[in-house]
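Novice: Supplied in structure tokens, the structure appears directly below.
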Amino acid sequence: MKSNYQFDKTVQINSSLKQQCNVLYQECCTADKLKHPCCFEDEFDRFTDFPRLYSVSSEKKLLGFLSVYIIDSNHVEFCIFVHPDYRSQQLGKRLLKYFFTDYDKADIDVCIHPENKSGIVFLNDNNFHLSSTELLMELSFNSARSKNSLPKKDFTSNTFKYIIDNECVGSCNVSCLSDIQVCISHVIIFNPYKNRGLGYEFMKKVCHEISKDFKKVLLHVSRENIPAYKLYKKLKFKEIESTLIYTYGKKNDYNL
């Protein structure tokens, strides 16, 4: 195999390059028999000057890429893929080194499939540490109205508030994913009201309201967040997908 590899980086991912990355991503998923987590960002706001994609090619053939998702000015995530036939060439490590020339001051996370053993070894060898296991959980309803019933509520961007005696004790966001399912996020019970069982009562009411119009609700939760995880299990949410989160240079706070 040739060793004259060309490394590049770009601020904005054009459609041709993105298509090449998608093809390589599918090849990796097929070869590894896994549905790898993957992130692309091609529409930017404040962070227009930072590279979003690092790539390596040979004779115009894309052999690997590292794609960056910028969460805020101090926190980024990335995914990295190398063609199965070239993984012995240290291309992943060289892409990572290239990435660090721009993002060495940021907090860095990587999402990885739990069964991606070689990827986990790669991250461990490069000073990444397991920080959490993120779960996608789902609750299904049998009581949703039919399509011919009254129009659905507008859950495109909706905040539910839990009011007790004219005091707001908690809140959550509910956003519509499709005609049949919504996503719950940013669930919080405010400090003075925690540890009173209000989180369960609040989520029970929210799910009941959602069940009038939708068939499914999804949410993400860290398995290490024991109170929240137990709450959703009590509400009959089921785990449908899990992802490991590795963080660069920081030991995790959990006994895993």
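All residue names refer to the structure tokens as shown: chains lettered A, B, ... in order, residues numbered from 1 in each chain, ligands numbered from 1 in order.
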Using DSSP on the backbone coordinates, identify all residues within stretch 61-233 of chain A classified as alpha helix (DSSP H); present the result as a PyMOL selection string.
Specialist: chain A and resi 91-103+117-125+198-211+226-233
Novice: Using the chain letters and numbers from this document, which residues of stretch 22-191 of chain A does DSSP assign to strand (DSSP E), as a PyMOL selection string?
Specialist: chain A and resi 53-58+61-72+75-82+107-112+128-140+158-164+167-176+181-189
Novice: Can you measure atom CA of A:Phe128 to atom CA of A:Tyr246 for me? One decimal in Å is fine.
Specialist: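 Atom-to-atom, atom CA of A:Phe128 and atom CA of A:Tyr246 are spaced 5.8 Å apart.
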Novice: Which of these, A:Val182, A:Cys39, A:Leu135, A:Lys161, has the shortest distance to A:Ala228 once you count only C-alpha atoms?
Specialist: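 Closest to A:Ala228 of all the choices is A:Leu135.
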Novice: Can you tell me which residues surround A:Ser58 at a distance of at most 7 Å, considering only C-alpha atoms, apart from same-chain residues fewer than 5 positions away, and format the answer as a PyMOL selection string?
Specialist: chain A and resi 4-6
Novice: Between A:Cys28, A:Leu218, A:Val56, A:Cys176, which has the minimum distance to A:Lys9 (counting only C-alpha atoms)?
Specialist: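 Of all the options, A:Val56 lies closest to A:Lys9.
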Novice: So, with only C-alpha atoms as the atoms that count, which of A:Tyr103, A:Glu138, A:Asn166, A:Leu63 lies closest to A:Gln89?
Specialist: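 Nearest to A:Gln89: A:Leu63.
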Novice: Rank nothing, just name the residue among A:Val217, A:Ile180, A:Val121, A:Val169 nearest to A:Ser140, using only C-alpha atoms.
Specialist: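 For A:Ser140, the nearest of the candidates is A:Val217.
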Novice: Determine the nearest neighbour of A:Thr247 from the options A:Cys172, A:Ala106, A:Leu66, A:Leu24, counting only C-alpha atoms.
Specialist: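 Residue with the minimum atom-to-atom distance to A:Thr247: A:Ala106.
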Novice: Extract, using only C-alpha atoms, all DNA, RNA and protein residues at most 9 Å from stretch 162-165 of chain A, discarding same-chain residues fewer than 3 positions from it, and format them as a list in words.
Specialist: Cys168, Val169, Gly170, Ser171, Cys172, Ile189, Leu198 and Phe202 of chain A
Novice: Which is closest to A:Phe50 among A:Val68, A:Ile80, A:Cys111, A:Val11, if we use only C-alpha atoms?
Specialist: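 Distance minimum relative to A:Phe50 lands on A:Val11.
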Novice: Might you pull out every residue within 12 Å of A:Ala31, with only C-alpha atoms counted and same-chain residues fewer than 5 positions away left off, and present them as a list in words?
Specialist: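 The neighbour list is Leu24, Tyr25, Gln26, His36, Phe81, Val82, His83, Pro84, Asp85 and Asn116 of chain A.
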Novice: Would you work out the distance separating atom CA of A:Asn124 from atom CA of A:Phe100, expressed in Å to one decimal?
Specialist: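 Going from atom CA of A:Asn124 over to atom CA of A:Phe100, I get 16.2 Å.
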Novice: Just give me the gap between atom CA of A:Glu239 and atom CA of A:Cys183 in Å, one decimal is fine.
Specialist: 14.3 Å
